[in-house]
$ cat entry-v6.tsv   # TSV, C-alpha atoms
chain	number	residue	atom	x	y	z
A	224	MET	CA	-38.92	4.31	-16.71
A	225	LYS	CA	-38.11	3.02	-13.21
A	226	GLU	CA	-35.00	1.36	-14.59
A	227	SER	CA	-33.64	4.70	-15.97
A	228	TYR	CA	-34.24	6.38	-12.59
A	229	ARG	CA	-32.40	3.56	-10.86
A	230	ILE	CA	-29.41	3.92	-13.22
A	231	PHE	CA	-29.43	7.71	-12.76
A	232	TYR	CA	-29.55	7.30	-8.96
A	233	ILE	CA	-26.66	4.79	-8.95
A	234	CYS	CA	-24.56	7.09	-11.16
A	235	PHE	CA	-25.37	10.11	-8.99
A	236	VAL	CA	-24.44	8.32	-5.74
A	237	SER	CA	-21.26	6.97	-7.33
A	238	MET	CA	-20.21	10.48	-8.38
A	239	LEU	CA	-20.80	11.81	-4.87
A	240	MET	CA	-18.66	9.02	-3.44
A	241	LEU	CA	-15.86	9.74	-5.91
A	242	LEU	CA	-15.96	13.45	-5.12
A	243	GLY	CA	-15.61	12.62	-1.43
A	244	CYS	CA	-12.31	10.83	-2.16
A	245	LYS	CA	-10.46	14.08	-2.85
A	246	LYS	CA	-7.66	14.34	-0.24
A	247	GLY	CA	-5.44	17.35	-0.94
A	248	GLU	CA	-6.93	20.81	-1.34
A	249	GLU	CA	-5.81	20.97	-5.00
A	250	ASP	CA	-6.33	17.30	-5.92
A	251	PRO	CA	-8.22	16.58	-9.12
A	252	THR	CA	-11.95	16.21	-8.62
A	253	LEU	CA	-12.00	12.89	-10.40
A	254	SER	CA	-9.17	10.44	-11.10
A	255	LEU	CA	-9.26	6.95	-12.53
A	256	ARG	CA	-5.94	6.12	-10.87
A	257	THR	CA	-5.56	5.18	-7.23
A	258	ARG	CA	-3.66	7.48	-4.91
A	259	LYS	CA	-0.76	5.03	-4.78
A	260	GLU	CA	-0.65	4.81	-8.60
A	261	ARG	CA	-0.49	8.62	-8.87
A	262	PHE	CA	2.19	8.90	-6.15
A	263	ALA	CA	4.48	6.15	-7.47
A	264	GLY	CA	6.78	7.04	-10.34
A	265	ASP	CA	9.70	9.26	-11.25
A	266	TRP	CA	9.44	12.94	-10.28
A	267	TYR	CA	11.49	16.07	-10.94
A	268	LEU	CA	11.44	19.17	-8.69
A	269	ILE	CA	10.59	22.25	-10.77
A	270	ARG	CA	9.93	24.96	-8.17
A	271	GLY	CA	9.43	25.65	-4.51
A	272	PHE	CA	10.70	27.27	-1.36
A	273	VAL	CA	11.85	26.12	2.06
A	274	SER	CA	12.31	28.34	5.09
A	275	SER	CA	14.17	27.05	8.16
A	276	SER	CA	14.41	29.08	11.34
A	277	SER	CA	16.18	28.47	14.62
A	278	LYS	CA	16.96	30.65	17.64
A	279	ASN	CA	19.81	32.40	15.82
A	280	SER	CA	18.91	32.56	12.13
A	281	VAL	CA	16.46	32.11	9.29
A	282	VAL	CA	17.54	30.45	6.04
A	283	ASN	CA	15.31	30.83	2.96
A	284	THR	CA	15.91	28.78	-0.17
A	285	SER	CA	13.93	28.99	-3.40
A	286	TYR	CA	14.04	26.59	-6.35
A	287	ASN	CA	13.14	27.48	-9.91
A	288	ASP	CA	13.77	24.92	-12.66
A	289	SER	CA	17.51	24.23	-12.41
A	290	VAL	CA	18.52	27.16	-10.15
A	291	PHE	CA	18.48	27.56	-6.37
A	292	SER	CA	18.88	30.75	-4.35
A	293	THR	CA	19.58	30.92	-0.59
A	294	THR	CA	19.57	33.87	1.79
A	295	THR	CA	20.19	33.93	5.53
A	296	SER	CA	19.16	36.39	8.22
A	297	LEU	CA	22.74	36.48	9.53
A	298	ASN	CA	23.83	38.27	6.37
A	299	PRO	CA	20.75	39.10	4.24
A	300	ASP	CA	22.84	40.99	1.69
A	301	VAL	CA	24.56	37.76	0.62
A	302	VAL	CA	22.61	35.53	-1.75
A	303	ILE	CA	24.04	32.15	-2.65
A	304	SER	CA	22.76	30.72	-5.92
A	305	GLY	CA	23.75	28.01	-8.34
A	306	SER	CA	22.68	25.02	-10.36
A	307	TYR	CA	20.32	22.49	-8.90
A	308	SER	CA	18.56	19.25	-9.83
A	309	ARG	CA	16.43	16.95	-7.65
A	310	THR	CA	14.75	13.73	-8.72
A	311	LEU	CA	12.59	11.37	-6.71
A	312	SER	CA	11.81	7.77	-7.66
A	313	ILE	CA	8.90	6.32	-5.70
A	314	ASN	CA	8.14	2.61	-5.88
A	315	LYS	CA	4.60	1.29	-5.30
A	316	GLU	CA	6.01	-1.32	-2.91
A	317	GLY	CA	7.03	1.40	-0.44
A	318	THR	CA	10.64	2.34	-1.28
A	319	PHE	CA	12.11	5.58	-2.64
A	320	ILE	CA	15.35	7.12	-3.94
A	321	ASP	CA	15.84	10.90	-3.61
A	322	GLU	CA	18.82	12.31	-5.57
A	323	THR	CA	20.00	15.91	-5.40
A	324	TYR	CA	22.73	17.63	-7.44
A	325	LYS	CA	23.62	21.07	-6.08
A	326	ASP	CA	26.63	22.90	-7.51
A	327	ASN	CA	28.45	19.65	-8.41
A	328	GLN	CA	27.68	18.06	-5.04
A	329	PHE	CA	25.58	14.94	-4.97
A	330	THR	CA	23.37	13.42	-2.25
A	331	ASN	CA	21.36	10.25	-2.42
A	332	ASP	CA	18.75	9.31	0.20
A	333	GLN	CA	17.07	5.92	0.08
A	334	GLY	CA	14.41	4.45	2.27
A	335	LEU	CA	10.80	3.54	2.91
A	336	TRP	CA	7.56	5.50	2.56
A	337	THR	CA	3.98	5.02	3.68
A	338	PHE	CA	0.74	6.97	3.56
A	339	LEU	CA	-0.43	8.23	6.95
A	340	LYS	CA	-3.91	7.62	8.28
A	341	GLY	CA	-6.27	10.52	8.73
A	342	ASN	CA	-6.69	12.12	12.15
A	343	ASP	CA	-8.57	15.01	13.70
A	344	ILE	CA	-5.61	16.37	15.68
A	345	GLU	CA	-3.65	17.29	12.54
A	346	ASP	CA	-6.83	17.74	10.48
A	347	LEU	CA	-5.58	15.09	8.05
A	348	LYS	CA	-7.62	13.04	5.64
A	349	ASN	CA	-6.63	9.43	5.08
A	350	LYS	CA	-3.59	9.26	2.71
A	351	GLU	CA	-3.22	13.05	2.63
A	352	ALA	CA	0.25	12.87	4.23
A	353	VAL	CA	3.29	10.68	3.59
A	354	LEU	CA	5.99	9.54	6.01
A	355	PHE	CA	9.49	8.98	4.57
A	356	LYS	CA	12.00	6.91	6.60
A	357	ILE	CA	15.58	7.29	5.38
A	358	THR	CA	17.57	4.04	5.60
A	359	SER	CA	20.75	5.18	3.83
A	360	GLN	CA	22.24	8.53	2.91
A	361	PHE	CA	25.22	9.18	0.63
A	362	ASN	CA	26.96	12.56	0.29
A	363	SER	CA	29.63	13.10	-2.39
A	364	VAL	CA	31.45	15.63	-0.20
A	365	GLY	CA	33.92	13.32	1.52
A	366	ASN	CA	32.17	10.24	0.09
A	367	ILE	CA	30.18	9.76	3.29
A	368	LEU	CA	27.69	6.89	3.47
A	369	ASN	CA	25.37	6.68	6.49
A	370	GLN	CA	23.26	3.59	7.16
A	371	PHE	CA	20.34	4.02	9.57
A	372	GLU	CA	18.47	1.35	11.49
A	373	GLY	CA	15.51	1.26	13.83
A	374	GLU	CA	14.81	4.42	15.84
A	375	GLU	CA	17.81	6.31	14.44
A	376	ARG	CA	16.23	6.56	10.97
A	377	PRO	CA	15.52	10.17	9.98
A	378	LEU	CA	11.79	10.72	9.47
A	379	ILE	CA	10.26	13.28	7.11
A	380	THR	CA	6.53	13.95	6.92
A	381	ILE	CA	5.00	15.85	4.01
A	382	ARG	CA	1.42	16.84	3.24
A	383	LEU	CA	0.17	16.33	-0.31
A	384	LYS	CA	-1.53	19.56	-1.30
A	385	LYS	CA	-1.97	18.25	-4.85
A	386	LEU	CA	-1.52	14.76	-6.27
A	387	ALA	CA	-2.38	14.49	-9.94
A	388	HIS	CA	-1.13	12.16	-12.67
A	389	LYS	CA	1.63	14.52	-13.89
A	390	GLU	CA	2.09	16.92	-10.95
A	391	MET	CA	2.28	16.87	-7.16
A	392	VAL	CA	2.68	19.65	-4.63
A	393	TRP	CA	4.05	19.08	-1.11
A	394	THR	CA	3.70	21.32	1.87
A	395	ILE	CA	6.24	21.01	4.64
A	396	ASN	CA	5.70	22.22	8.17
A	397	GLY	CA	7.52	20.79	11.14
A	398	ILE	CA	9.92	21.18	14.03
A	399	VAL	CA	13.10	19.12	14.38
A	400	ASP	CA	15.69	19.84	17.09
A	401	GLU	CA	14.27	23.34	17.74
A	402	GLN	CA	14.42	24.18	14.03
A	403	ILE	CA	11.14	25.15	12.37
A	404	THR	CA	10.90	24.24	8.70
A	405	GLU	CA	8.09	25.15	6.34
A	406	GLY	CA	7.71	25.34	2.59
A	407	GLU	CA	6.13	24.07	-0.58
A	408	LEU	CA	7.63	21.99	-3.38
A	409	THR	CA	6.16	21.33	-6.84
A	410	TRP	CA	7.13	18.18	-8.72
A	411	VAL	CA	6.35	17.01	-12.26
A	412	SER	CA	6.56	13.46	-13.57
A	413	ARG	CA	9.59	12.60	-15.69
$ encode --input "entry-v6.tsv" --output "C-alpha cells"
Amino acid sequence: MKESYRIFYICFVSMLMLLGCKKGEEDPTLSLRTRKERFAGDWYLIRGFVSSSSKNSVVNTSYNDSVFSTTTSLNPDVVISGSYSRTLSINKEGTFIDETYKDNQFTNDQGLWTFLKGNDIEDLKNKEAVLFKITSQFNSVGNILNQFEGEERPLITIRLKKLAHKEMVWTINGIVDEQITEGELTWVSR
C-alpha cells in the first residue's frame, strides 16, 4: 500500500511541475515537446493586426488569410488592401528566414533568434519572449540587399502568447525611433 502512495505522490508532484512550465497565457497545459521543438519549424501567418503610431500618424494593418488591409489616420477614408502571404522558417540551431509577398512585392529577412530569459521588470517568464536579429534583408523593389553586422543589426522582440504544436500567437509591443508598434499575429504550422 505504501508503494502505491509513493507512486501517486511522485505522479502528483510531476504533474504540478509540468503545469508550472506553462509560459504564455494561452500555452497548452501539458506538452510532450520542448519549447524549442514547438517553436522550430515552418509557419504561415493566417491572421493578425499591427498598429504603428508616431507623432504625425497612426497606421493600422490587419491580416486575414491571404488579404491585408491598411488604413492611416492621415486619410482614414482610404483603405489599401491586397494579396498577402508571409512564411517563417525557424531552425532549432537559432536561425530564421522570414519571407513576405505583398501585392507582387517580395521581402526576405534572415538572421538569428534566441529565447529571452525571464525578468521581473518586463514580467517575463523564462523563454516567454524571443529576440530576432536580422543579418540580411532583401527587397524585390529595386533588388535591394542589405547586410547587417554587429550593433547595426535590426532587433525585433516578440512575446509568445501561445506556443502549441500547430499554432503560435505573438504579441508585439515596442518603441523604435519614436514609433510605437503593437499588435498580435497568429501563425499555423505548414
$ closest_residue --input "entry-v6.tsv" --among "A:Asn287, A:Ser308, A:Asn369, A:Thr293" --to "Asn327 (chain A)" --atoms "only C-alpha atoms"
A:Ser308
$ atom_distance --input "entry-v6.tsv" --atom1 "CA of Tyr286 (chain A)" --atom2 "CA of Phe262 (chain A)"
21.3 Å
$ closest_atom_pairs --input "entry-v6.tsv" --of "region 385-410 of chain A" --to "region 332-352 of chain A" --cutoff "10 Å" --atoms "all atoms listed in the file" --output "Markdown table"
| residue | atom | partner | partner_atom | distance |
| --- | --- | --- | --- | --- |
| A:Lys385 | CA | A:Glu351 | CA | 9.2 |
| A:Leu386 | CA | A:Glu351 | CA | 9.2 |
| A:Trp393 | CA | A:Ala352 | CA | 9.0 |
| A:Thr394 | CA | A:Ala352 | CA | 9.4 |
$ atom_distance --input "entry-v6.tsv" --atom1 "CA of Phe361 (chain A)" --atom2 "CA of Leu311 (chain A)"
14.8 Å
$ closest_residue --input "entry-v6.tsv" --among "A:Ile313, A:Thr380, A:Thr330, A:Trp410" --to "Glu260 (chain A)" --atoms "only C-alpha atoms"
A:Ile313
$ residues_around --input "entry-v6.tsv" --residues "Gly305 (chain A)" --least-positions-apart "5" --cutoff "8 Å" --atoms "all atoms listed in the file" --output "list in words"
Val290, Phe291, Ser292, Lys325 and Asp326 of chain A
$ atom_distance --input "entry-v6.tsv" --atom1 "CA of Ser359 (chain A)" --atom2 "CA of Leu408 (chain A)"
22.5 Å
$ residues_near_point --input "entry-v6.tsv" --point "(24.4, 3.4, 8.9)" --cutoff "12 Å" --atoms "all atoms listed in the file" --output "PyMOL selection string"
chain A and resi 332-333+357-361+367-377
$ closest_residue --input "entry-v6.tsv" --among "A:Ile403, A:Glu390, A:Ser312, A:Tyr324" --to "Arg270 (chain A)" --atoms "all atoms listed in the file"
A:Glu390
$ residues_around --input "entry-v6.tsv" --residues "Tyr267 (chain A)" --least-positions-apart "3" --cutoff "7 Å" --atoms "only C-alpha atoms" --output "PDB file with C-alpha atoms, in the frame of the given file"
ATOM      1  CA  ARG A 309      16.430  16.950  -7.650  1.00  0.00           C
ATOM      2  CA  THR A 310      14.750  13.730  -8.720  1.00  0.00           C
ATOM      3  CA  LEU A 311      12.590  11.370  -6.710  1.00  0.00           C
ATOM      4  CA  TRP A 410       7.130  18.180  -8.720  1.00  0.00           C
ATOM      5  CA  VAL A 411       6.350  17.010 -12.260  1.00  0.00           C
ATOM      6  CA  SER A 412       6.560  13.460 -13.570  1.00  0.00           C
ATOM      7  CA  ARG A 413       9.590  12.600 -15.690  1.00  0.00           C
TER       8      ARG A 413
END
$ decode --input "entry-v6.tsv" --residues "region 285-382 of chain A" --atoms "C-alpha atoms" --output "JSON list (two decimals), in the first residue's frame"
[["chain", "number", "residue", "atom", "x", "y", "z"],
["A", 285, "SER", "CA", -4.94, 43.77, -40.48],
["A", 286, "TYR", "CA", -4.18, 40.36, -41.98],
["A", 287, "ASN", "CA", -6.76, 37.70, -42.74],
["A", 288, "ASP", "CA", -5.67, 34.57, -44.61],
["A", 289, "SER", "CA", -4.22, 35.92, -47.87],
["A", 290, "VAL", "CA", -5.53, 39.52, -47.67],
["A", 291, "PHE", "CA", -4.16, 42.61, -45.93],
["A", 292, "SER", "CA", -5.93, 45.91, -45.27],
["A", 293, "THR", "CA", -4.22, 49.16, -44.22],
["A", 294, "THR", "CA", -5.69, 52.46, -43.05],
["A", 295, "THR", "CA", -3.91, 55.61, -41.93],
["A", 296, "SER", "CA", -5.02, 58.49, -39.72],
["A", 297, "LEU", "CA", -3.80, 60.98, -42.34],
["A", 298, "ASN", "CA", -6.57, 59.88, -44.66],
["A", 299, "PRO", "CA", -8.87, 57.42, -42.83],
["A", 300, "ASP", "CA", -11.27, 57.23, -45.77],
["A", 301, "VAL", "CA", -8.62, 55.50, -47.90],
["A", 302, "VAL", "CA", -8.15, 51.79, -47.29],
["A", 303, "ILE", "CA", -5.35, 49.99, -49.08],
["A", 304, "SER", "CA", -5.85, 46.25, -49.45],
["A", 305, "GLY", "CA", -4.41, 43.44, -51.50],
["A", 306, "SER", "CA", -2.95, 39.97, -51.55],
["A", 307, "TYR", "CA", -0.56, 38.89, -48.87],
["A", 308, "SER", "CA", 1.49, 35.86, -47.82],
["A", 309, "ARG", "CA", 4.05, 35.53, -45.01],
["A", 310, "THR", "CA", 6.03, 32.44, -44.10],
["A", 311, "LEU", "CA", 8.57, 31.94, -41.35],
["A", 312, "SER", "CA", 11.10, 29.10, -41.19],
["A", 313, "ILE", "CA", 12.68, 28.72, -37.76],
["A", 314, "ASN", "CA", 15.67, 26.43, -37.28],
["A", 315, "LYS", "CA", 16.38, 24.80, -33.91],
["A", 316, "GLU", "CA", 20.02, 25.90, -34.18],
["A", 317, "GLY", "CA", 18.99, 29.57, -33.90],
["A", 318, "THR", "CA", 18.49, 30.84, -37.47],
["A", 319, "PHE", "CA", 15.36, 32.00, -39.29],
["A", 320, "ILE", "CA", 14.06, 33.07, -42.72],
["A", 321, "ASP", "CA", 11.03, 35.39, -42.88],
["A", 322, "GLU", "CA", 9.50, 35.79, -46.37],
["A", 323, "THR", "CA", 6.69, 38.19, -47.24],
["A", 324, "TYR", "CA", 4.80, 38.57, -50.53],
["A", 325, "LYS", "CA", 2.61, 41.68, -50.60],
["A", 326, "ASP", "CA", 0.96, 42.70, -53.87],
["A", 327, "ASN", "CA", 3.72, 41.13, -56.01],
["A", 328, "GLN", "CA", 6.50, 42.62, -53.87],
["A", 329, "PHE", "CA", 8.82, 40.28, -52.06],
["A", 330, "THR", "CA", 10.95, 40.72, -48.93],
["A", 331, "ASN", "CA", 13.23, 38.21, -47.31],
["A", 332, "ASP", "CA", 14.72, 38.71, -43.83],
["A", 333, "GLN", "CA", 17.28, 36.26, -42.49],
["A", 334, "GLY", "CA", 19.03, 36.14, -39.19],
["A", 335, "LEU", "CA", 19.40, 34.73, -35.71],
["A", 336, "TRP", "CA", 16.91, 34.12, -32.90],
["A", 337, "THR", "CA", 17.13, 33.30, -29.21],
["A", 338, "PHE", "CA", 14.75, 32.88, -26.31],
["A", 339, "LEU", "CA", 14.97, 35.64, -23.70],
["A", 340, "LYS", "CA", 15.43, 34.95, -20.02],
["A", 341, "GLY", "CA", 12.65, 35.79, -17.62],
["A", 342, "ASN", "CA", 12.75, 39.04, -15.66],
["A", 343, "ASP", "CA", 10.58, 40.91, -13.19],
["A", 344, "ILE", "CA", 10.89, 44.31, -14.91],
["A", 345, "GLU", "CA", 9.04, 43.14, -18.02],
["A", 346, "ASP", "CA", 7.08, 40.49, -16.09],
["A", 347, "LEU", "CA", 8.51, 37.82, -18.39],
["A", 348, "LYS", "CA", 8.79, 34.12, -17.71],
["A", 349, "ASN", "CA", 11.86, 32.30, -18.96],
["A", 350, "LYS", "CA", 11.52, 31.61, -22.74],
["A", 351, "GLU", "CA", 8.27, 33.59, -22.99],
["A", 352, "ALA", "CA", 9.84, 36.13, -25.37],
["A", 353, "VAL", "CA", 12.05, 35.77, -28.45],
["A", 354, "LEU", "CA", 14.67, 38.15, -29.83],
["A", 355, "PHE", "CA", 15.19, 38.17, -33.61],
["A", 356, "LYS", "CA", 18.41, 39.72, -35.01],
["A", 357, "ILE", "CA", 18.22, 40.42, -38.74],
["A", 358, "THR", "CA", 21.53, 39.77, -40.54],
["A", 359, "SER", "CA", 20.36, 40.26, -44.13],
["A", 360, "GLN", "CA", 17.32, 41.81, -45.77],
["A", 361, "PHE", "CA", 16.30, 41.59, -49.43],
["A", 362, "ASN", "CA", 13.56, 43.69, -51.03],
["A", 363, "SER", "CA", 12.39, 42.98, -54.59],
["A", 364, "VAL", "CA", 11.56, 46.65, -55.15],
["A", 365, "GLY", "CA", 14.83, 47.82, -56.68],
["A", 366, "ASN", "CA", 16.50, 44.49, -55.85],
["A", 367, "ILE", "CA", 17.99, 45.91, -52.65],
["A", 368, "LEU", "CA", 20.07, 43.62, -50.44],
["A", 369, "ASN", "CA", 21.19, 44.90, -47.02],
["A", 370, "GLN", "CA", 23.76, 43.03, -44.94],
["A", 371, "PHE", "CA", 23.90, 43.93, -41.24],
["A", 372, "GLU", "CA", 26.74, 43.32, -38.80],
["A", 373, "GLY", "CA", 27.30, 43.89, -35.11],
["A", 374, "GLU", "CA", 25.35, 46.72, -33.49],
["A", 375, "GLU", "CA", 23.65, 47.79, -36.72],
["A", 376, "ARG", "CA", 21.54, 44.61, -36.86],
["A", 377, "PRO", "CA", 17.81, 45.36, -36.54],
["A", 378, "LEU", "CA", 16.37, 43.73, -33.42],
["A", 379, "ILE", "CA", 12.77, 42.57, -33.02],
["A", 380, "THR", "CA", 11.37, 41.26, -29.75],
["A", 381, "ILE", "CA", 8.10, 39.35, -29.62],
["A", 382, "ARG", "CA", 6.18, 37.80, -26.74]]
